[in-house]
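The data block below is query_35.cif; it holds mmCIF, C-alpha atoms and all ligand atoms.
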data_query
loop_
_atom_site.label_atom_id
_atom_site.label_comp_id
_atom_site.auth_asym_id
_atom_site.auth_seq_id
_atom_site.Cartn_x
_atom_site.Cartn_y
_atom_site.Cartn_z
CA MET A 286 -91.85 -12.02 -4.57
CA LYS A 287 -90.17 -8.61 -4.57
CA GLY A 288 -89.72 -6.80 -7.90
CA ARG A 289 -85.99 -7.12 -7.64
CA ASP A 290 -86.11 -10.91 -7.05
CA ARG A 291 -88.39 -11.28 -10.04
CA SER A 292 -86.06 -9.21 -12.15
CA LEU A 293 -83.09 -11.32 -11.13
CA ILE A 294 -84.85 -14.44 -12.30
CA LYS A 295 -85.77 -12.69 -15.52
CA CYS A 296 -82.17 -11.70 -16.10
CA ILE A 297 -80.92 -15.19 -15.38
CA LEU A 298 -83.09 -16.36 -18.23
CA PHE A 299 -81.38 -14.00 -20.64
CA ILE A 300 -78.82 -15.48 -22.96
CA LEU A 301 -75.61 -13.57 -22.52
CA SER A 302 -74.66 -10.97 -25.08
CA VAL A 303 -71.15 -12.25 -25.53
CA CYS A 304 -69.45 -15.40 -24.41
CA CYS A 305 -65.93 -16.57 -24.32
CA VAL A 306 -64.30 -19.85 -25.26
CA VAL A 307 -60.72 -20.72 -24.45
CA SER A 308 -58.99 -23.89 -25.50
CA CYS A 309 -56.97 -25.51 -22.74
CA SER A 310 -54.86 -28.64 -22.77
CA HIS A 311 -54.69 -29.15 -18.99
CA GLU A 312 -57.30 -31.72 -17.98
CA LYS A 313 -58.22 -29.94 -14.71
CA ARG A 314 -58.37 -26.46 -16.18
CA PRO A 315 -60.28 -24.27 -16.34
CA LEU A 316 -61.69 -24.35 -12.84
CA VAL A 317 -65.03 -22.58 -13.04
CA LYS A 318 -67.39 -21.03 -10.51
CA ASP A 319 -70.86 -19.76 -11.40
CA ALA A 320 -72.88 -17.32 -9.35
CA THR A 321 -75.37 -14.50 -9.79
CA ALA A 322 -74.62 -10.90 -9.02
CA MET A 323 -75.76 -7.48 -10.22
CA ASP A 324 -78.95 -9.00 -11.62
CA THR A 325 -77.18 -11.32 -13.98
CA PHE A 326 -75.01 -14.43 -14.37
CA LEU A 327 -71.44 -14.40 -13.19
CA THR A 328 -68.80 -16.92 -14.21
CA VAL A 329 -65.21 -16.86 -13.02
CA SER A 330 -62.79 -19.23 -14.78
CA VAL A 331 -59.20 -19.84 -13.79
CA TYR A 332 -56.71 -21.36 -16.22
CA ASP A 333 -53.43 -21.12 -14.31
CA GLU A 334 -51.83 -24.52 -14.07
CA GLU A 335 -49.23 -23.55 -11.49
CA ILE A 336 -51.59 -22.87 -8.58
CA SER A 337 -53.46 -25.47 -6.54
CA ASP A 338 -57.19 -26.10 -6.90
CA GLU A 339 -57.70 -24.87 -3.33
CA GLN A 340 -55.94 -21.58 -4.02
CA ALA A 341 -57.81 -21.14 -7.29
CA PHE A 342 -61.21 -21.74 -5.66
CA ALA A 343 -60.37 -19.40 -2.78
CA MET A 344 -59.44 -16.70 -5.28
CA MET A 345 -62.59 -17.27 -7.32
CA ASP A 346 -64.62 -16.81 -4.12
CA SER A 347 -62.86 -13.57 -3.38
CA ALA A 348 -63.43 -12.34 -6.95
CA ILE A 349 -67.16 -13.09 -6.58
CA ALA A 350 -67.20 -11.34 -3.18
CA GLU A 351 -65.51 -8.34 -4.80
CA ILE A 352 -68.23 -8.09 -7.43
CA ARG A 353 -70.92 -8.27 -4.75
CA ARG A 354 -69.10 -5.56 -2.81
CA VAL A 355 -69.18 -3.26 -5.86
CA GLU A 356 -72.87 -4.05 -6.28
CA MET A 357 -73.57 -3.07 -2.66
CA MET A 358 -71.83 0.24 -3.32
CA ALA A 359 -73.24 1.09 -6.75
CA THR A 360 -76.76 -0.26 -6.98
CA ASP A 361 -79.62 2.22 -7.20
CA TYR A 362 -82.21 -0.46 -6.40
CA ASN A 363 -82.09 0.17 -2.67
CA ASP A 364 -81.55 3.27 -0.57
CA THR A 365 -78.86 1.79 1.66
CA SER A 366 -76.07 1.47 -0.91
CA GLU A 367 -73.84 4.52 -1.33
CA VAL A 368 -75.53 5.43 -4.60
CA GLY A 369 -78.95 4.71 -3.07
CA THR A 370 -78.14 7.03 -0.17
CA VAL A 371 -77.14 9.85 -2.53
CA ASN A 372 -80.37 9.32 -4.48
CA LYS A 373 -82.51 9.26 -1.35
CA HIS A 374 -81.14 12.64 -0.32
CA ALA A 375 -81.46 14.23 -3.78
CA GLY A 376 -82.35 17.90 -3.58
CA HIS A 377 -81.92 17.99 0.19
CA ASP A 378 -78.53 16.90 1.50
CA SER A 379 -75.05 16.45 0.14
CA ILE A 380 -73.49 13.10 0.97
CA ILE A 381 -69.86 12.25 1.64
CA ILE A 382 -68.92 9.21 -0.41
CA SER A 383 -66.02 6.75 -0.37
CA SER A 384 -62.98 7.56 -2.46
CA GLU A 385 -63.77 4.46 -4.52
CA LEU A 386 -67.25 5.66 -5.49
CA ASN A 387 -65.81 9.14 -5.98
CA SER A 388 -63.38 7.90 -8.61
CA LEU A 389 -66.00 5.71 -10.31
CA LEU A 390 -68.34 8.71 -10.50
CA GLU A 391 -65.51 10.89 -11.84
CA THR A 392 -64.78 8.30 -14.54
CA ALA A 393 -68.48 8.14 -15.43
CA LEU A 394 -68.76 11.93 -15.45
CA GLN A 395 -65.88 12.17 -17.91
CA TYR A 396 -67.98 10.11 -20.31
CA CYS A 397 -70.98 12.37 -19.61
CA ARG A 398 -68.96 15.50 -20.34
CA SER A 399 -67.05 14.23 -23.35
CA SER A 400 -70.29 13.01 -24.96
CA ASP A 401 -72.18 16.18 -24.09
CA GLY A 402 -74.73 14.13 -22.21
CA ALA A 403 -75.34 11.29 -24.67
CA PHE A 404 -73.98 9.18 -21.82
CA ASP A 405 -75.65 10.46 -18.67
CA ILE A 406 -75.63 8.73 -15.29
CA THR A 407 -78.56 10.84 -14.09
CA VAL A 408 -80.98 8.84 -16.27
CA GLU A 409 -82.17 7.06 -13.10
CA PRO A 410 -85.69 8.58 -12.98
CA LEU A 411 -86.16 7.83 -16.69
CA VAL A 412 -84.99 4.23 -16.28
CA LYS A 413 -87.36 3.78 -13.33
CA ALA A 414 -90.23 5.25 -15.37
CA TRP A 415 -89.65 2.82 -18.24
CA ASP A 416 -89.24 0.02 -15.67
CA PHE A 417 -87.98 -2.62 -18.07
CA LEU A 418 -87.61 -5.06 -15.19
CA SER A 419 -91.28 -5.10 -14.26
CA GLU A 420 -93.68 -7.87 -15.25
CA ARG A 421 -95.55 -5.56 -17.62
CA PRO A 422 -93.38 -2.66 -18.69
CA GLN A 423 -95.24 0.13 -20.48
CA THR A 424 -94.33 3.15 -22.51
CA PRO A 425 -94.57 6.24 -20.31
CA THR A 426 -96.77 9.00 -21.75
CA ASP A 427 -95.17 12.00 -23.49
CA GLU A 428 -96.25 14.14 -20.60
CA GLN A 429 -94.58 11.83 -18.07
CA ILE A 430 -91.38 11.80 -20.10
CA GLN A 431 -91.31 15.58 -20.42
CA THR A 432 -91.77 15.92 -16.66
CA ILE A 433 -89.06 13.38 -15.86
CA LEU A 434 -86.59 14.98 -18.28
CA ARG A 435 -86.49 17.99 -15.92
CA TYR A 436 -84.75 15.71 -13.43
CA VAL A 437 -82.16 14.39 -15.86
CA GLY A 438 -78.88 16.16 -16.54
CA TYR A 439 -75.39 15.40 -15.28
CA LYS A 440 -74.67 19.12 -14.91
CA LYS A 441 -77.07 19.12 -11.97
CA LEU A 442 -74.87 16.59 -10.17
CA SER A 443 -71.97 18.12 -8.28
CA ILE A 444 -69.03 16.38 -6.64
CA ILE A 445 -66.65 18.48 -4.59
CA ASN A 446 -64.16 16.95 -2.17
CA ARG A 447 -65.88 13.56 -2.16
CA THR A 448 -69.20 15.25 -1.41
CA VAL A 449 -72.05 14.58 -3.83
CA PHE A 450 -75.14 16.65 -4.31
CA LEU A 451 -78.04 16.12 -6.68
CA GLN A 452 -79.65 19.51 -7.13
CA GLN A 453 -83.31 18.51 -7.31
CA PRO A 454 -85.50 16.06 -5.41
CA GLY A 455 -86.50 13.36 -7.90
CA MET A 456 -83.05 13.17 -9.44
CA GLY A 457 -80.98 9.98 -9.17
CA ILE A 458 -77.74 8.32 -10.23
CA ASP A 459 -77.86 5.10 -12.27
CA LEU A 460 -74.51 3.41 -12.87
CA GLY A 461 -76.05 0.57 -14.90
CA ALA A 462 -73.98 1.50 -17.94
CA ILE A 463 -70.59 1.26 -16.23
CA ALA A 464 -70.79 -0.61 -12.90
CA LYS A 465 -70.65 -4.16 -14.26
CA GLY A 466 -67.52 -3.45 -16.23
CA TYR A 467 -65.99 -1.80 -13.18
CA ALA A 468 -66.89 -4.82 -11.03
CA VAL A 469 -65.25 -7.14 -13.58
CA GLU A 470 -62.11 -5.03 -13.52
CA LYS A 471 -61.99 -5.13 -9.71
CA ALA A 472 -62.52 -8.91 -9.73
CA LEU A 473 -59.60 -9.34 -12.14
CA GLN A 474 -57.44 -7.16 -9.86
CA LYS A 475 -58.35 -9.41 -6.92
CA LEU A 476 -57.43 -12.51 -8.90
CA ARG A 477 -54.13 -11.01 -9.99
CA SER A 478 -53.21 -9.97 -6.46
CA GLY A 479 -53.88 -13.55 -5.34
CA GLY A 480 -51.49 -14.97 -7.92
CA VAL A 481 -54.02 -15.84 -10.65
CA HIS A 482 -52.75 -14.68 -14.02
CA LYS A 483 -54.88 -16.57 -16.50
CA ALA A 484 -58.53 -15.90 -15.79
CA ILE A 485 -61.78 -14.83 -17.34
CA VAL A 486 -64.57 -13.02 -15.52
CA ASP A 487 -67.91 -12.86 -17.29
CA LEU A 488 -70.62 -10.75 -15.68
CA GLY A 489 -73.68 -10.78 -17.89
CA GLY A 490 -71.66 -10.36 -21.04
CA ASN A 491 -69.22 -7.85 -19.58
CA LEU A 492 -66.01 -9.79 -19.95
CA GLY A 493 -62.59 -9.38 -18.50
CA VAL A 494 -59.81 -11.51 -19.89
CA GLY A 495 -56.82 -11.33 -17.56
CA TRP A 496 -54.02 -13.20 -19.30
CA ARG A 497 -50.53 -12.16 -18.29
CA GLY A 498 -48.15 -11.45 -21.11
CA THR A 499 -50.75 -11.18 -23.89
CA LYS A 500 -51.91 -8.26 -26.01
CA MET A 501 -55.44 -7.03 -26.51
CA PHE A 502 -55.72 -8.91 -29.79
CA ASP A 503 -53.94 -12.22 -29.34
CA SER A 504 -55.23 -15.07 -31.43
CA THR A 505 -53.89 -17.69 -29.04
CA VAL A 506 -56.06 -16.90 -26.02
CA ALA A 507 -59.84 -16.45 -26.17
CA SER A 508 -62.59 -16.51 -28.79
CA ILE A 509 -65.33 -14.02 -28.09
CA TYR A 510 -68.74 -14.97 -29.49
CA ILE A 511 -71.23 -12.13 -30.03
CA ARG A 512 -74.78 -13.22 -29.46
CA HIS A 513 -77.08 -13.02 -32.48
CA PRO A 514 -79.30 -10.03 -31.68
CA ARG A 515 -82.37 -11.55 -33.28
CA LYS A 516 -81.92 -15.33 -32.97
CA ASP A 517 -82.06 -16.77 -29.49
CA GLY A 518 -79.28 -19.20 -28.70
CA GLN A 519 -77.26 -18.39 -31.81
CA TYR A 520 -74.16 -16.35 -32.33
CA PHE A 521 -73.61 -13.62 -34.88
CA GLY A 522 -69.87 -14.07 -35.15
CA LYS A 523 -66.64 -14.30 -33.22
CA PHE A 524 -63.27 -12.67 -32.81
CA LYS A 525 -60.15 -13.34 -30.78
CA VAL A 526 -58.65 -11.41 -27.89
CA GLY A 527 -55.94 -11.64 -25.25
CA ASN A 528 -55.74 -9.38 -22.20
CA ALA A 529 -58.81 -7.13 -22.59
CA GLY A 530 -62.18 -5.93 -21.39
CA ILE A 531 -65.08 -6.61 -23.73
CA SER A 532 -68.63 -5.34 -23.46
CA THR A 533 -71.75 -5.42 -25.63
CA SER A 534 -74.75 -3.12 -25.39
CA GLY A 535 -77.80 -4.17 -27.34
CA ASP A 536 -81.48 -3.51 -27.92
CA TYR A 537 -82.30 -7.12 -27.02
CA GLN A 538 -81.04 -7.24 -23.44
CA ARG A 539 -83.96 -5.55 -21.68
CA TYR A 540 -86.87 -4.72 -23.90
CA PHE A 541 -90.54 -5.13 -24.65
CA ILE A 542 -92.52 -4.94 -27.86
CA GLU A 543 -95.63 -2.76 -27.97
CA ASP A 544 -97.71 -2.39 -31.15
CA GLY A 545 -94.86 -3.95 -33.10
CA VAL A 546 -92.29 -1.44 -31.80
CA ARG A 547 -89.28 -2.54 -29.75
CA TYR A 548 -88.66 -0.42 -26.65
CA HIS A 549 -85.35 -1.12 -24.93
CA HIS A 550 -83.27 0.00 -21.98
CA ILE A 551 -80.67 2.27 -23.58
CA LEU A 552 -82.19 5.73 -23.56
CA ASN A 553 -81.50 9.03 -25.22
CA PRO A 554 -81.20 11.35 -22.22
CA LYS A 555 -82.37 14.31 -24.35
CA THR A 556 -85.63 12.74 -25.52
CA GLY A 557 -86.24 10.11 -22.87
CA MET A 558 -86.83 7.50 -25.59
CA PRO A 559 -84.91 4.31 -26.44
CA VAL A 560 -82.18 5.05 -28.96
CA ARG A 561 -82.86 3.88 -32.50
CA ASP A 562 -80.01 3.23 -34.89
CA LEU A 563 -77.79 0.37 -33.78
CA VAL A 564 -78.86 -3.11 -32.78
CA SER A 565 -75.70 -3.77 -30.80
CA ALA A 566 -72.32 -2.25 -30.03
CA THR A 567 -69.39 -4.37 -28.86
CA VAL A 568 -66.31 -2.62 -27.50
CA VAL A 569 -62.87 -4.04 -26.72
CA SER A 570 -60.63 -1.98 -24.49
CA SER A 571 -57.65 -2.51 -22.24
CA ASN A 572 -59.99 -2.46 -19.25
CA ALA A 573 -63.54 -3.62 -18.63
CA THR A 574 -64.77 -0.35 -17.08
CA ASP A 575 -64.10 1.65 -20.23
CA ALA A 576 -65.42 -1.15 -22.45
CA ASP A 577 -68.72 -1.07 -20.53
CA ALA A 578 -69.13 2.72 -20.58
CA LEU A 579 -68.10 2.96 -24.22
CA SER A 580 -70.40 0.21 -25.46
CA THR A 581 -73.38 2.07 -23.99
CA LEU A 582 -72.15 5.44 -25.20
CA ILE A 583 -71.47 4.19 -28.73
CA PHE A 584 -74.89 2.56 -28.81
CA VAL A 585 -76.41 5.96 -27.95
CA LEU A 586 -74.29 7.78 -30.54
CA GLY A 587 -75.31 5.40 -33.31
CA ARG A 588 -73.45 4.05 -36.28
CA GLU A 589 -71.77 7.14 -37.74
CA ARG A 590 -70.89 9.05 -34.58
CA GLY A 591 -70.07 5.80 -32.80
CA MET A 592 -67.57 4.80 -35.50
CA GLU A 593 -66.13 8.29 -35.41
CA LEU A 594 -65.55 8.01 -31.65
CA LEU A 595 -63.97 4.58 -32.07
CA ARG A 596 -61.62 5.90 -34.76
CA ARG A 597 -60.39 8.77 -32.65
CA THR A 598 -60.03 6.81 -29.37
CA ASN A 599 -56.66 5.13 -28.99
CA GLY A 600 -56.58 1.58 -27.75
CA VAL A 601 -60.28 0.96 -28.23
CA GLU A 602 -61.86 -1.22 -30.91
CA GLY A 603 -65.47 -1.93 -31.73
CA LEU A 604 -67.95 -3.87 -33.79
CA LEU A 605 -71.39 -2.42 -34.50
CA ILE A 606 -74.40 -4.38 -35.73
CA PHE A 607 -77.27 -2.56 -37.40
CA GLN A 608 -80.42 -3.28 -39.37
CA GLN A 609 -80.12 -3.04 -43.14
CA GLY A 610 -83.42 -3.72 -44.83
CA ASP A 611 -84.59 -7.09 -43.59
CA SER A 612 -81.22 -8.31 -42.45
CA LEU A 613 -78.44 -7.35 -40.10
CA ALA A 614 -75.18 -5.83 -41.25
CA PHE A 615 -72.04 -4.91 -39.34
CA THR A 616 -69.14 -2.53 -39.38
CA GLY A 617 -66.15 -2.11 -37.10
CA THR A 618 -62.60 -0.99 -36.56
CA PRO A 619 -59.84 -2.70 -38.56
CA LYS A 620 -58.25 -4.68 -35.72
CA ILE A 621 -61.48 -6.30 -34.61
CA LEU A 622 -62.62 -6.92 -38.19
CA SER A 623 -59.34 -8.64 -39.04
CA SER A 624 -60.11 -11.47 -36.62
CA PHE A 625 -63.90 -11.40 -36.98
CA SER A 626 -65.66 -14.31 -38.62
CA ARG A 627 -69.35 -15.08 -39.00
CA THR A 628 -70.81 -18.38 -37.82
CA PRO A 629 -72.38 -20.94 -40.18
CA THR A 630 -75.90 -19.91 -39.05
CA ASP A 631 -75.36 -16.34 -40.33
CA ASP A 632 -78.06 -14.38 -42.05
P1 LIG B 701 -75.40 -1.31 -20.78
O1 LIG B 701 -76.16 -2.58 -20.70
O2 LIG B 701 -74.05 -1.34 -20.18
O3 LIG B 701 -75.41 -0.71 -22.15
O4 LIG B 701 -76.16 -0.27 -19.83
C1 LIG B 701 -77.53 -0.01 -19.98
C2 LIG B 701 -78.02 0.59 -18.68
O5 LIG B 701 -77.43 1.88 -18.50
C3 LIG B 701 -79.50 0.81 -18.65
O6 LIG B 701 -80.18 -0.32 -18.14
C4 LIG B 701 -79.63 2.02 -17.74
O7 LIG B 701 -79.55 1.62 -16.39
C5 LIG B 701 -78.40 2.83 -18.07
N1 LIG B 701 -78.58 3.78 -19.19
C6 LIG B 701 -79.55 3.82 -20.14
N2 LIG B 701 -79.34 4.81 -21.02
C7 LIG B 701 -78.22 5.45 -20.61
C8 LIG B 701 -77.48 6.57 -21.08
N3 LIG B 701 -77.85 7.25 -22.17
N4 LIG B 701 -76.35 6.93 -20.39
C9 LIG B 701 -75.95 6.26 -19.30
N5 LIG B 701 -76.61 5.20 -18.79
C10 LIG B 701 -77.72 4.79 -19.43
MG MG B 702 -72.35 -0.29 -20.59
#

When written as structure tokens, how does the structure in this file appear?
Amino acid sequence: MKGRDRSLIKCILFILSVCCVVSCSHEKRPLVKDATAMDTFLTVSVYDEEISDEQAFAMMDSAIAEIRRVEMMATDYNDTSEVGTVNKHAGHDSIIISSELNSLLETALQYCRSSDGAFDITVEPLVKAWDFLSERPQTPTDEQIQTILRYVGYKKLSIINRTVFLQQPGMGIDLGAIAKGYAVEKALQKLRSGGVHKAIVDLGGNLGVGWRGTKMFDSTVASIYIRHPRKDGQYFGKFKVGNAGISTSGDYQRYFIEDGVRYHHILNPKTGMPVRDLVSATVVSSNATDADALSTLIFVLGRERGMELLRRTNGVEGLLIFQQGDSLAFTGTPKILSSFSRTPTDD
């Protein structure tokens, strides 16, 4: 079995980081379709009562196809995707990319610049070195990390007139921190353009709630459950949203434990090591792309700087879980906290 197939199965076994529950009085709604894409579970749910089952299922199929299309563009796990092609030619050739990838890269680069490289889409060689998806991931040696760090740095990625160049061979782009959210956003757009106005797309815990006429925090639409970071199958708490993108980044999604230390997939691009401070960061935004990028970025920034960023970013809310002694504690922005409640299994 190829590494990627194995990793897909592994990911399917993961319990999602957030999940969404919507109450519905119509006996045939929601209509739900499950699939796998981008190495994780995908669920598309349609709640509109006005459209036929046939139309709803056709639209769910096209939303799933849309997510797979984004995956084919953005994955760095083969060298035939657009990102894979750029990576393959690193240090040698510049590659003309589609305007879609161009704008996704520009969005991602804005996060790289504004965070001074705490968010950095050139972490690809580091991510491959840690190889969290392999059967037996191992900590790279200090020497390996120091060598690889020479190939990491968004300033060595140039995009001019839709032409991308990675300055050194060995460099690579990894859109793992933003592509799922972007795919969710595109799937919601597809649904909307096909007349579906009450839908939820859940791609491995990157959620898009597309509910016409509702606000980001609307207690009448969806309950978002945040997975308990340390108790499998349990939830840490829940809050309510309307039209929004929601994403959680956590140290429990891809990790291994070595000599009692947890090594996970969100890396500090300056040190090459997994970031230690938060246990999880959940972000709610008006769109799923920003929610995805920001949840990773805030996880990297940690509790204090992450909260600071949340406070000064309009239209974005967040809930951060961190270790306090032997138990978990949380903090967040006022709007999310006002609808947040813990579950009876809390610790
Ligand atoms: P997420 O699950 O959205 O938080 O994204 C985590 C993924 O983003 C990892 O599996 C890596 O592919 C990538 N990644 C890890 N660290 C960083 C970072 N500091 N900046 C940008 N992407 C990262
Ligand atoms: Mg992310």

Quiz item: Could you work out how far atom N5 of ligand LIG 701 (chain B) lies from atom CA of A:Ile352, giving the answer in Å with one decimal?
Solution: 19.4 Å

Residues at most 7 Å from ligand LIG 701 (chain B), using all atoms listed in the file? Could they come as a short mmCIF file (atom, residue, chain, number, x, y, z; two decimals) with C-alpha atoms, keeping the file's coordinate frame?
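Output (selection.cif):
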data_model
loop_
_atom_site.label_atom_id
_atom_site.label_comp_id
_atom_site.auth_asym_id
_atom_site.auth_seq_id
_atom_site.Cartn_x
_atom_site.Cartn_y
_atom_site.Cartn_z
CA ALA A 403 -75.34 11.29 -24.67
CA PHE A 404 -73.98 9.18 -21.82
CA ASP A 405 -75.65 10.46 -18.67
CA ILE A 406 -75.63 8.73 -15.29
CA VAL A 408 -80.98 8.84 -16.27
CA GLU A 409 -82.17 7.06 -13.10
CA VAL A 412 -84.99 4.23 -16.28
CA ASP A 459 -77.86 5.10 -12.27
CA LEU A 460 -74.51 3.41 -12.87
CA GLY A 461 -76.05 0.57 -14.90
CA ALA A 462 -73.98 1.50 -17.94
CA ILE A 463 -70.59 1.26 -16.23
CA THR A 533 -71.75 -5.42 -25.63
CA SER A 534 -74.75 -3.12 -25.39
CA GLY A 535 -77.80 -4.17 -27.34
CA HIS A 550 -83.27 0.00 -21.98
CA ILE A 551 -80.67 2.27 -23.58
CA LEU A 552 -82.19 5.73 -23.56
CA ASN A 553 -81.50 9.03 -25.22
CA PRO A 554 -81.20 11.35 -22.22
CA ASP A 577 -68.72 -1.07 -20.53
CA ALA A 578 -69.13 2.72 -20.58
CA SER A 580 -70.40 0.21 -25.46
CA THR A 581 -73.38 2.07 -23.99
CA LEU A 582 -72.15 5.44 -25.20
CA VAL A 585 -76.41 5.96 -27.95
#

Quiz item: Smallest atom-to-atom distance to A:Thr321: which of A:Asp378, A:Asp364, A:Glu385, A:Glu356, using only C-alpha atoms?
Solution: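 The closest residue to A:Thr321 is A:Glu356.
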
Exercise. Step by step: start from the point (-67.6, -2.8, -3.9) in the file's coordinates, keep every protein, DNA or RNA residue that has an atom no farther than 12 Å from it, count all atoms listed in the file, and write the set as a ChimeraX atom specification.
Key: /A:322-323,347-360,366-368,383-386,389,464-465,467-472,475

Quiz prompt | From A:Asp346, A:Asp503, A:Glu602, A:Asp536, residue lying nearest A:Gly479 [all atoms listed in the file] | solution = A:Asp346

Self-check item: Nearby residues (all atoms listed in the file) at most 9 Å from A:Ala375, same-chain spacing under 5 positions excluded, as a list of chain:residue names
Solution: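 Returned residues: A:Thr370, A:Phe450, A:Leu451, A:Gln452, A:Gln453, A:Pro454, A:Gly455, A:Met456, A:Gly457.
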
Distance query A:Val331 at most 10 Å, all atoms listed in the file, self and fewer than 2 positions along chain excluded, as a PDB file with C-alpha atoms, in the frame of the given file:
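The file below, selection10.pdb, is the result:
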ATOM      1  CA  ARG A 314     -58.370 -26.460 -16.180  1.00  0.00           C
ATOM      2  CA  PRO A 315     -60.280 -24.270 -16.340  1.00  0.00           C
ATOM      3  CA  LEU A 316     -61.690 -24.350 -12.840  1.00  0.00           C
ATOM      4  CA  VAL A 317     -65.030 -22.580 -13.040  1.00  0.00           C
ATOM      5  CA  LYS A 318     -67.390 -21.030 -10.510  1.00  0.00           C
ATOM      6  CA  VAL A 329     -65.210 -16.860 -13.020  1.00  0.00           C
ATOM      7  CA  ASP A 333     -53.430 -21.120 -14.310  1.00  0.00           C
ATOM      8  CA  GLU A 334     -51.830 -24.520 -14.070  1.00  0.00           C
ATOM      9  CA  ILE A 336     -51.590 -22.870  -8.580  1.00  0.00           C
ATOM     10  CA  ASP A 338     -57.190 -26.100  -6.900  1.00  0.00           C
ATOM     11  CA  ALA A 341     -57.810 -21.140  -7.290  1.00  0.00           C
ATOM     12  CA  PHE A 342     -61.210 -21.740  -5.660  1.00  0.00           C
ATOM     13  CA  MET A 344     -59.440 -16.700  -5.280  1.00  0.00           C
ATOM     14  CA  MET A 345     -62.590 -17.270  -7.320  1.00  0.00           C
ATOM     15  CA  LEU A 476     -57.430 -12.510  -8.900  1.00  0.00           C
ATOM     16  CA  VAL A 481     -54.020 -15.840 -10.650  1.00  0.00           C
ATOM     17  CA  HIS A 482     -52.750 -14.680 -14.020  1.00  0.00           C
ATOM     18  CA  LYS A 483     -54.880 -16.570 -16.500  1.00  0.00           C
ATOM     19  CA  ALA A 484     -58.530 -15.900 -15.790  1.00  0.00           C
ATOM     20  CA  ILE A 485     -61.780 -14.830 -17.340  1.00  0.00           C
ATOM     21  CA  VAL A 486     -64.570 -13.020 -15.520  1.00  0.00           C
ATOM     22  CA  GLY A 495     -56.820 -11.330 -17.560  1.00  0.00           C
TER      23      GLY A 495
END

Quiz item: Between atom CA of A:Gly527 and atom CA of A:Ala507, what is the spacing in Å?
Solution: 6.3 Å
